[in-house]
$ cat query-v4.csv   # CSV, C-alpha atoms
chain,number,residue,atom,x,y,z
A,1,MET,CA,248.3,63.1,209.0
A,2,ILE,CA,244.7,64.1,209.9
A,3,THR,CA,244.2,60.8,211.8
A,4,GLN,CA,247.3,61.6,213.9
A,5,LEU,CA,246.1,65.1,214.6
A,6,ARG,CA,242.7,63.8,215.7
A,7,GLN,CA,244.3,61.2,217.9
A,8,ALA,CA,246.5,63.8,219.5
A,9,GLN,CA,243.5,66.1,220.1
A,10,GLN,CA,241.7,63.4,222.1
A,11,GLN,CA,244.3,64.0,224.8
A,12,SER,CA,243.4,67.6,225.0
A,13,PRO,CA,241.2,68.9,227.9
A,14,VAL,CA,239.2,70.8,225.2
A,15,HIS,CA,236.8,68.3,223.8
A,16,LEU,CA,235.9,70.1,220.6
A,17,PRO,CA,236.8,69.1,217.0
A,18,LEU,CA,240.0,70.6,215.6
A,19,LEU,CA,239.7,73.1,212.8
A,20,LEU,CA,241.3,71.3,209.9
A,21,MET,CA,241.5,73.7,207.0
A,22,THR,CA,243.1,74.4,203.6
A,23,ASP,CA,242.6,76.4,200.5
A,24,GLN,CA,240.3,74.5,198.2
A,25,GLU,CA,239.0,77.3,196.0
A,26,GLY,CA,239.0,75.5,192.6
A,27,GLY,CA,240.9,75.9,189.4
A,28,ILE,CA,244.6,76.3,190.0
A,29,VAL,CA,244.2,77.3,193.7
A,30,LYS,CA,243.6,74.1,195.6
A,31,ARG,CA,245.7,71.9,197.9
A,32,LEU,CA,243.9,68.6,197.5
A,33,PRO,CA,243.6,66.7,194.2
A,34,GLY,CA,240.1,66.6,192.8
A,35,PRO,CA,237.2,69.0,192.8
A,36,PRO,CA,236.2,71.8,192.5
A,37,ASP,CA,237.7,71.7,189.0
A,38,LEU,CA,236.4,75.1,187.7
A,39,SER,CA,238.0,78.3,188.8
A,40,ALA,CA,235.8,81.2,190.1
A,41,LYS,CA,236.3,83.0,186.8
A,42,GLN,CA,235.2,79.9,184.8
A,43,ILE,CA,232.1,79.6,187.1
A,44,GLY,CA,231.2,83.2,186.4
A,45,GLN,CA,231.5,82.7,182.7
A,46,SER,CA,229.7,79.4,182.5
A,47,ALA,CA,226.3,78.9,180.9
A,48,ASP,CA,224.7,78.4,184.4
A,49,PRO,CA,226.9,80.3,186.9
A,50,LEU,CA,224.6,79.8,189.8
A,51,GLY,CA,224.4,76.1,189.3
A,52,ALA,CA,228.1,75.9,188.7
A,53,ALA,CA,228.8,77.8,192.0
A,54,THR,CA,226.5,75.5,193.9
A,55,SER,CA,228.0,72.4,192.4
A,56,ALA,CA,231.5,73.7,193.2
A,57,GLY,CA,230.7,74.4,196.8
A,58,THR,CA,229.2,70.9,197.3
A,59,ALA,CA,232.1,69.2,195.5
A,60,ALA,CA,234.7,71.1,197.6
A,61,ALA,CA,232.9,70.0,200.8
A,62,GLN,CA,232.7,66.4,199.7
A,63,ASN,CA,236.3,66.3,198.8
A,64,MET,CA,237.4,67.8,202.1
A,65,THR,CA,235.2,65.7,204.3
A,66,GLY,CA,236.5,62.7,202.5
A,67,VAL,CA,239.9,63.3,204.0
A,68,GLY,CA,238.6,64.5,207.3
A,69,MET,CA,238.8,68.3,206.9
A,70,ASN,CA,236.1,70.7,208.0
A,71,VAL,CA,237.0,74.3,207.1
A,72,ASN,CA,237.7,75.6,203.6
A,73,LEU,CA,239.6,78.9,203.2
A,74,ALA,CA,237.2,79.8,200.3
A,75,PRO,CA,235.5,81.3,198.5
A,76,VAL,CA,237.2,84.5,197.2
A,77,LEU,CA,234.7,87.4,197.1
A,78,ASP,CA,237.1,89.9,195.5
A,79,VAL,CA,235.5,91.8,192.7
A,80,SER,CA,237.9,92.0,189.8
A,81,ARG,CA,238.3,95.3,188.0
A,82,THR,CA,240.1,94.6,184.7
A,83,PRO,CA,241.3,91.5,182.9
A,84,GLY,CA,244.7,90.4,184.1
A,85,ASP,CA,244.7,92.3,187.4
A,86,PHE,CA,246.0,90.6,190.6
A,87,ILE,CA,242.9,88.6,191.4
A,88,ASP,CA,241.9,87.9,187.8
A,89,ALA,CA,245.4,86.7,186.8
A,90,THR,CA,244.8,83.4,188.7
A,91,GLN,CA,241.1,83.3,187.9
A,92,ARG,CA,240.1,83.7,191.5
A,93,SER,CA,237.2,86.2,191.0
A,94,PHE,CA,233.7,85.3,190.0
A,95,GLY,CA,233.6,88.5,187.9
A,96,GLU,CA,233.7,92.3,187.7
A,97,ASN,CA,230.1,92.8,188.7
A,98,PRO,CA,229.6,93.0,192.5
A,99,ASN,CA,226.1,91.6,192.3
A,100,GLN,CA,227.2,88.5,190.4
A,101,VAL,CA,230.1,88.0,192.8
A,102,SER,CA,227.6,88.3,195.7
A,103,LYS,CA,225.2,85.8,194.3
A,104,LEU,CA,227.8,83.2,193.2
A,105,GLY,CA,229.8,83.6,196.4
A,106,ALA,CA,226.7,83.1,198.5
A,107,ALA,CA,225.7,80.0,196.5
A,108,PHE,CA,229.2,78.4,197.0
A,109,ILE,CA,229.0,79.2,200.7
A,110,SER,CA,225.5,77.8,201.2
A,111,ALA,CA,226.2,74.6,199.3
A,112,GLN,CA,229.5,74.0,201.0
A,113,GLN,CA,228.3,74.6,204.5
A,114,ASN,CA,225.1,72.5,203.9
A,115,ALA,CA,227.6,69.7,203.1
A,116,GLY,CA,229.4,70.1,206.5
A,117,VAL,CA,232.4,72.3,205.7
A,118,ALA,CA,232.7,75.8,207.1
A,119,ALA,CA,233.3,78.5,204.5
A,120,THR,CA,235.7,81.4,204.6
A,121,ALA,CA,234.9,84.6,202.7
A,122,LYS,CA,238.0,86.5,201.7
A,123,HIS,CA,239.8,88.9,201.4
A,124,PHE,CA,237.9,91.6,203.3
A,125,PRO,CA,237.5,94.4,202.5
A,126,GLY,CA,238.6,93.3,199.0
A,127,LEU,CA,241.6,92.9,196.7
A,128,GLY,CA,239.7,93.4,193.5
A,129,SER,CA,241.2,96.8,192.9
A,130,ALA,CA,244.8,95.5,193.2
A,131,PRO,CA,246.7,95.8,190.0
A,132,ALA,CA,248.7,92.9,188.6
A,133,GLY,CA,251.7,91.9,190.8
A,134,SER,CA,250.2,93.3,194.0
A,135,ASN,CA,250.8,90.3,196.1
A,136,THR,CA,250.6,90.8,199.9
A,137,ASP,CA,252.3,87.5,200.4
A,138,GLU,CA,255.5,89.0,198.9
A,139,ARG,CA,255.4,92.7,199.8
A,140,PRO,CA,253.4,95.6,201.2
A,141,VAL,CA,250.4,96.6,199.1
A,142,THR,CA,248.6,99.9,199.3
A,143,LEU,CA,245.2,100.5,197.6
A,144,SER,CA,243.8,103.9,197.1
A,145,VAL,CA,240.2,102.8,196.2
A,146,SER,CA,237.7,105.4,197.3
A,147,LEU,CA,235.6,104.6,200.4
A,148,THR,CA,232.5,104.8,198.2
A,149,ASN,CA,233.8,102.2,195.8
A,150,LEU,CA,235.2,100.1,198.6
A,151,ARG,CA,231.8,99.8,200.2
A,152,ASN,CA,229.6,99.7,197.1
A,153,ILE,CA,231.8,97.3,195.1
A,154,ASP,CA,234.4,95.5,197.2
A,155,GLU,CA,232.5,95.0,200.4
A,156,TYR,CA,229.2,94.4,198.7
A,157,PRO,CA,229.4,90.6,198.4
A,158,TYR,CA,229.9,90.3,202.2
A,159,GLY,CA,226.4,91.3,202.9
A,160,ALA,CA,225.0,88.3,201.1
A,161,ALA,CA,227.7,86.0,202.6
A,162,VAL,CA,226.8,87.2,206.2
A,163,SER,CA,223.1,86.8,205.4
A,164,ASP,CA,223.8,83.2,204.2
A,165,GLY,CA,225.6,82.5,207.5
A,166,VAL,CA,229.2,82.3,206.4
A,167,LYS,CA,231.3,81.0,209.3
A,168,LEU,CA,234.6,82.8,208.8
A,169,VAL,CA,235.9,85.9,207.1
A,170,MET,CA,239.6,86.4,206.2
A,171,LEU,CA,241.0,89.9,206.3
A,172,SER,CA,243.3,91.3,203.7
A,173,TRP,CA,246.9,92.4,204.4
A,174,ALA,CA,246.6,95.4,202.0
A,175,VAL,CA,246.5,99.0,203.4
A,176,TYR,CA,243.3,100.9,202.3
A,177,THR,CA,244.2,104.6,202.4
A,178,ASN,CA,240.6,105.8,202.6
A,179,LEU,CA,239.7,103.3,205.4
A,180,ASP,CA,242.8,103.2,207.6
A,181,PRO,CA,246.0,104.6,206.0
A,182,ASN,CA,248.2,103.4,208.8
A,183,HIS,CA,247.4,99.7,209.1
A,184,PRO,CA,246.9,96.6,206.9
A,185,ALA,CA,243.3,95.6,207.2
A,186,GLY,CA,244.0,92.6,209.3
A,187,THR,CA,245.7,94.8,211.9
A,188,SER,CA,243.1,97.6,211.7
A,189,SER,CA,240.4,97.8,214.3
A,190,THR,CA,238.6,100.2,211.8
A,191,ALA,CA,238.5,97.4,209.2
A,192,VAL,CA,237.7,94.6,211.7
A,193,GLN,CA,235.4,96.2,214.2
A,194,GLN,CA,233.8,99.2,212.4
A,195,GLU,CA,233.5,97.9,208.9
A,196,LEU,CA,233.2,94.1,209.1
A,197,ARG,CA,231.4,93.7,212.5
A,198,GLY,CA,229.7,97.1,212.7
A,199,ARG,CA,228.7,98.1,209.2
A,200,ILE,CA,228.4,94.6,207.7
A,201,GLY,CA,227.1,92.9,210.8
A,202,PHE,CA,229.4,89.8,210.8
A,203,LYS,CA,229.3,87.9,214.1
A,204,GLY,CA,231.3,84.9,213.2
A,205,VAL,CA,235.1,84.1,213.3
A,206,THR,CA,237.7,86.4,211.8
A,207,ILE,CA,240.9,84.9,210.5
A,208,THR,CA,244.1,86.4,209.3
A,209,ASP,CA,245.8,85.7,206.1
A,210,ALA,CA,249.3,84.2,206.6
A,211,LEU,CA,251.2,85.9,209.4
A,212,GLU,CA,254.4,85.3,207.4
A,213,ALA,CA,253.3,87.6,204.6
A,214,GLY,CA,255.7,90.1,203.2
A,215,ALA,CA,253.1,92.8,203.6
A,216,LEU,CA,253.8,92.7,207.3
A,217,GLN,CA,257.5,93.6,207.1
A,218,ALA,CA,257.0,96.7,209.3
A,219,TYR,CA,255.7,94.5,212.2
A,220,GLY,CA,258.9,92.4,212.5
A,221,SER,CA,258.6,89.1,214.3
A,222,PRO,CA,255.7,86.6,214.3
A,223,TYR,CA,255.2,87.6,218.0
A,224,ASN,CA,254.7,91.3,217.1
A,225,ARG,CA,252.5,90.4,214.1
A,226,ALA,CA,250.3,88.2,216.2
A,227,LEU,CA,249.9,90.9,218.8
A,228,ALA,CA,248.9,93.5,216.2
A,229,ALA,CA,246.3,91.3,214.6
A,230,ALA,CA,244.8,90.2,217.9
A,231,SER,CA,244.7,93.7,219.2
A,232,ALA,CA,242.7,94.7,216.1
A,233,GLY,CA,240.1,92.0,216.9
A,234,MET,CA,241.2,89.0,214.9
A,235,ASP,CA,240.0,85.7,216.3
A,236,LEU,CA,242.2,83.2,214.5
A,237,LEU,CA,245.9,83.7,213.5
A,238,LEU,CA,247.0,81.8,210.5
A,239,CYS,CA,250.6,80.6,210.4
A,240,SER,CA,251.3,78.7,207.2
A,241,SER,CA,255.0,78.6,206.8
A,242,GLY,CA,255.4,75.1,208.3
A,243,ASP,CA,257.8,76.4,210.9
A,244,PRO,CA,256.4,75.5,214.3
A,245,ALA,CA,258.5,78.2,216.0
A,246,GLN,CA,256.4,80.8,214.3
A,247,GLY,CA,253.2,79.4,215.6
A,248,ASP,CA,254.6,79.1,219.0
A,249,ALA,CA,255.7,82.7,219.0
A,250,ALA,CA,252.2,83.8,217.9
A,251,ALA,CA,250.6,81.8,220.7
A,252,GLN,CA,253.0,83.2,223.3
A,253,ALA,CA,252.2,86.7,222.2
A,254,LEU,CA,248.5,86.1,223.0
A,255,VAL,CA,249.4,84.5,226.4
A,256,ASP,CA,251.7,87.4,227.3
A,257,ALA,CA,249.3,90.1,226.1
A,258,VAL,CA,246.3,88.7,228.1
A,259,ASN,CA,248.4,88.2,231.2
A,260,SER,CA,249.8,91.7,231.1
A,261,GLY,CA,246.5,93.3,230.2
A,262,ARG,CA,247.7,94.7,226.9
A,263,LEU,CA,245.0,92.5,225.3
A,264,GLY,CA,241.7,92.9,227.1
A,265,ARG,CA,240.4,89.8,228.7
A,266,ALA,CA,236.8,90.5,227.6
A,267,GLY,CA,237.8,90.7,224.0
A,268,PHE,CA,240.0,87.6,224.2
A,269,ASP,CA,237.1,85.6,225.8
A,270,ALA,CA,234.7,86.8,223.2
A,271,ALA,CA,237.1,85.6,220.4
A,272,LEU,CA,237.6,82.3,222.2
A,273,GLY,CA,233.8,81.9,222.4
A,274,ARG,CA,233.3,82.5,218.7
A,275,VAL,CA,236.1,80.0,217.9
A,276,ASN,CA,234.7,77.4,220.2
A,277,ALA,CA,231.2,77.9,218.8
A,278,LEU,CA,232.6,77.2,215.3
A,279,ARG,CA,234.4,74.1,216.5
A,280,GLY,CA,231.4,72.8,218.3
A,281,GLY,CA,229.3,73.0,215.1
A,282,LEU,CA,231.7,70.9,213.1
A,283,LYS,CA,232.8,67.2,212.9

$ encode --input "query-v4.csv" --output "structure tokens"
Amino acid sequence: MITQLRQAQQQSPVHLPLLLMTDQEGGIVKRLPGPPDLSAKQIGQSADPLGAATSAGTAAAQNMTGVGMNVNLAPVLDVSRTPGDFIDATQRSFGENPNQVSKLGAAFISAQQNAGVAATAKHFPGLGSAPAGSNTDERPVTLSVSLTNLRNIDEYPYGAAVSDGVKLVMLSWAVYTNLDPNHPAGTSSTAVQQELRGRIGFKGVTITDALEAGALQAYGSPYNRALAAASAGMDLLLCSSGDPAQGDAAAQALVDAVNSGRLGRAGFDAALGRVNALRGGLK
């Protein structure tokens, strides 16, 4: 499949590598057979967490480059709060200590990117406070975590990730009442522009979680969802249902919004520049 995609891309006027990505976090959340075998939780509880995180990042990259992929939608930087909560239930958090999550996430990112695969830190500003069953893939999720805790706990690992040069950051679809009570983070310019780009200082590529998520029920069609995310400052729109019509609708939303002026040309060009810079640095 990847060979066919690369062959098709050679006919494109844009001579930059495709972004070929999947979720290869480790543990039970991975789309390719093979490493990384340990989950984030197992890495955090191991005898040598830093070494395990480094090994996992390297192994993830080697596995992905072996099949021709160049972007991993990992690692998760969510700081779990209690055993069995949403992010801990699938062992996707490095732990309940933001400093530990910060160090292990940065180690995974550095090792993976040094081996040629771009990393994606997720899910900004954090799903660690989400209780069990709070799945944005299925339904809207609202989190009332205080702004102080959001910044000092949930957002804390992103500083190290940005310092280590993480290439992408994925935004959460949860609503954070003390940050922007009216929009899921991925459709909130407050979350994208003020917190992530302004306060944290991220200059790389922002990417949405799946546009098909149940959390976006209020936004209706893929067309409207794409427009909401792009207007908030998202660079890449992730359509993962396998239905090409949804991706086509999202793309058409961008075309129409730029042509009509609803989406500013300067912002669109800046997003395109960041995406092209990412593509140009990969194989």

$ closest_residue --input "query-v4.csv" --among "A:Asn99, A:Gln91, A:Asn72, A:Ser134" --to "Val29 in chain A" --atoms "all atoms listed in the file"
A:Gln91

$ closest_residue --input "query-v4.csv" --among "A:Ala277, A:Val258, A:Val166, A:Cys239" --to "Gln113 in chain A" --atoms "only C-alpha atoms"
A:Val166

$ residues_around --input "query-v4.csv" --residues "Gly242 in chain A" --least-positions-apart "5" --cutoff "12 Å" --atoms "all atoms listed in the file" --output "number ranges by chain"
A: 210-212, 247-248

$ residues_around --input "query-v4.csv" --residues "Lys283 in chain A" --least-positions-apart "2" --cutoff "8 Å" --atoms "all atoms listed in the file" --output "list in words"
Pro17, Asn70, Gly116, Arg279, Gly280 and Gly281 of chain A

$ closest_residue --input "query-v4.csv" --among "A:Ala161, A:Ala245, A:Val141, A:Ala253" --to "Ser110 in chain A" --atoms "all atoms listed in the file"
A:Ala161

$ residues_near_point --input "query-v4.csv" --point "(245.0, 77.5, 188.3)" --cutoff "9 Å" --atoms "only C-alpha atoms" --output "list in words"
Gly26, Gly27, Ile28, Val29, Lys30, Leu38, Ser39, Thr90, Gln91 and Arg92 of chain A

$ residues_around --input "query-v4.csv" --residues "Ser146 in chain A" --least-positions-apart "4" --cutoff "9 Å" --atoms "all atoms listed in the file" --output "list of chain:residue names"
A:Leu150, A:Arg151, A:Tyr176, A:Thr177, A:Asn178, A:Leu179

$ closest_residue --input "query-v4.csv" --among "A:Ser12, A:Asn135, A:Leu127, A:Gly159" --to "Gly198 in chain A" --atoms "only C-alpha atoms"
A:Gly159

$ closest_residue --input "query-v4.csv" --among "A:Leu238, A:Ala185, A:Asp137, A:Lys41" --to "Gly214 in chain A" --atoms "only C-alpha atoms"
A:Asp137

$ residues_near_point --input "query-v4.csv" --point "(233.9, 83.3, 203.3)" --cutoff "6 Å" --atoms "all atoms listed in the file" --output "list in words"
Ala74, Pro75, Ala119, Thr120, Ala121, Lys122, Val166, Leu168 and Val169 of chain A

$ atom_distance --input "query-v4.csv" --atom1 "CA of Asp180 in chain A" --atom2 "CA of Asp85 in chain A"
23.0 Å

$ closest_residue --input "query-v4.csv" --among "A:Leu147, A:Ala266, A:Met170, A:Ala111" --to "Thr58 in chain A" --atoms "all atoms listed in the file"
A:Ala111

$ atom_distance --input "query-v4.csv" --atom1 "CA of Ala106 in chain A" --atom2 "CA of Ala53 in chain A"
8.6 Å

$ decode --input "query-v4.csv" --residues "range 221-233 of chain A" --atoms "all heavy atoms" --output "JSON list (two decimals), in the first residue's frame"
[["chain", "number", "residue", "atom", "x", "y", "z"],
["A", 221, "SER", "N", -21.33, 18.20, 10.00],
["A", 221, "SER", "CA", -20.65, 17.50, 8.91],
["A", 221, "SER", "C", -19.13, 17.61, 8.98],
["A", 221, "SER", "O", -18.60, 18.52, 9.65],
["A", 221, "SER", "CB", -21.11, 18.07, 7.57],
["A", 221, "SER", "OG", -20.62, 19.40, 7.43],
["A", 222, "PRO", "N", -18.40, 16.72, 8.28],
["A", 222, "PRO", "CA", -16.95, 16.84, 8.20],
["A", 222, "PRO", "C", -16.52, 18.21, 7.64],
["A", 222, "PRO", "O", -15.48, 18.75, 8.04],
["A", 222, "PRO", "CB", -16.55, 15.71, 7.25],
["A", 222, "PRO", "CG", -17.64, 14.71, 7.38],
["A", 222, "PRO", "CD", -18.89, 15.49, 7.61],
["A", 223, "TYR", "N", -17.31, 18.76, 6.74],
["A", 223, "TYR", "CA", -17.03, 20.08, 6.17],
["A", 223, "TYR", "C", -16.98, 21.13, 7.28],
["A", 223, "TYR", "O", -16.02, 21.90, 7.40],
["A", 223, "TYR", "CB", -18.13, 20.41, 5.16],
["A", 223, "TYR", "CG", -17.94, 21.69, 4.38],
["A", 223, "TYR", "CD1", -17.48, 21.68, 3.06],
["A", 223, "TYR", "CD2", -18.24, 22.93, 4.94],
["A", 223, "TYR", "CE1", -17.32, 22.85, 2.33],
["A", 223, "TYR", "CE2", -18.08, 24.11, 4.24],
["A", 223, "TYR", "CZ", -17.63, 24.06, 2.92],
["A", 223, "TYR", "OH", -17.47, 25.23, 2.22],
["A", 224, "ASN", "N", -18.00, 21.14, 8.13],
["A", 224, "ASN", "CA", -18.07, 22.14, 9.21],
["A", 224, "ASN", "C", -17.02, 21.89, 10.28],
["A", 224, "ASN", "O", -16.46, 22.83, 10.85],
["A", 224, "ASN", "CB", -19.47, 22.13, 9.84],
["A", 224, "ASN", "CG", -20.53, 22.65, 8.89],
["A", 224, "ASN", "OD1", -20.24, 23.46, 8.02],
["A", 224, "ASN", "ND2", -21.75, 22.17, 9.06],
["A", 225, "ARG", "N", -16.74, 20.63, 10.54],
["A", 225, "ARG", "CA", -15.72, 20.30, 11.54],
["A", 225, "ARG", "C", -14.33, 20.76, 11.07],
["A", 225, "ARG", "O", -13.55, 21.31, 11.85],
["A", 225, "ARG", "CB", -15.71, 18.78, 11.80],
["A", 225, "ARG", "CG", -17.01, 18.27, 12.41],
["A", 225, "ARG", "CD", -17.03, 16.75, 12.56],
["A", 225, "ARG", "NE", -18.31, 16.31, 13.11],
["A", 225, "ARG", "CZ", -18.48, 15.20, 13.81],
["A", 225, "ARG", "NH1", -17.43, 14.41, 14.06],
["A", 225, "ARG", "NH2", -19.67, 14.86, 14.28],
["A", 226, "ALA", "N", -14.05, 20.53, 9.80],
["A", 226, "ALA", "CA", -12.76, 20.93, 9.25],
["A", 226, "ALA", "C", -12.61, 22.45, 9.30],
["A", 226, "ALA", "O", -11.54, 22.97, 9.65],
["A", 226, "ALA", "CB", -12.63, 20.45, 7.81],
["A", 227, "LEU", "N", -13.66, 23.15, 8.97],
["A", 227, "LEU", "CA", -13.61, 24.62, 8.99],
["A", 227, "LEU", "C", -13.37, 25.15, 10.40],
["A", 227, "LEU", "O", -12.57, 26.07, 10.61],
["A", 227, "LEU", "CB", -14.91, 25.18, 8.41],
["A", 227, "LEU", "CG", -15.00, 26.70, 8.32],
["A", 227, "LEU", "CD1", -13.87, 27.26, 7.48],
["A", 227, "LEU", "CD2", -16.35, 27.11, 7.72],
["A", 228, "ALA", "N", -14.04, 24.54, 11.38],
["A", 228, "ALA", "CA", -13.86, 24.97, 12.77],
["A", 228, "ALA", "C", -12.42, 24.76, 13.24],
["A", 228, "ALA", "O", -11.83, 25.62, 13.90],
["A", 228, "ALA", "CB", -14.83, 24.22, 13.68],
["A", 229, "ALA", "N", -11.85, 23.61, 12.90],
["A", 229, "ALA", "CA", -10.47, 23.32, 13.32],
["A", 229, "ALA", "C", -9.46, 24.23, 12.63],
["A", 229, "ALA", "O", -8.56, 24.77, 13.27],
["A", 229, "ALA", "CB", -10.15, 21.86, 13.04],
["A", 230, "ALA", "N", -9.62, 24.40, 11.32],
["A", 230, "ALA", "CA", -8.69, 25.25, 10.58],
["A", 230, "ALA", "C", -8.77, 26.70, 11.05],
["A", 230, "ALA", "O", -7.75, 27.39, 11.17],
["A", 230, "ALA", "CB", -8.97, 25.16, 9.09],
["A", 231, "SER", "N", -9.97, 27.16, 11.35],
["A", 231, "SER", "CA", -10.15, 28.53, 11.82],
["A", 231, "SER", "C", -9.48, 28.76, 13.17],
["A", 231, "SER", "O", -9.07, 29.89, 13.48],
["A", 231, "SER", "CB", -11.64, 28.86, 11.92],
["A", 231, "SER", "OG", -12.27, 28.78, 10.64],
["A", 232, "ALA", "N", -9.36, 27.70, 13.97],
["A", 232, "ALA", "CA", -8.70, 27.81, 15.27],
["A", 232, "ALA", "C", -7.18, 27.80, 15.16],
["A", 232, "ALA", "O", -6.49, 28.13, 16.12],
["A", 232, "ALA", "CB", -9.15, 26.66, 16.17],
["A", 233, "GLY", "N", -6.67, 27.40, 13.98],
["A", 233, "GLY", "CA", -5.22, 27.39, 13.78],
["A", 233, "GLY", "C", -4.61, 26.02, 13.62],
["A", 233, "GLY", "O", -3.39, 25.87, 13.71]]
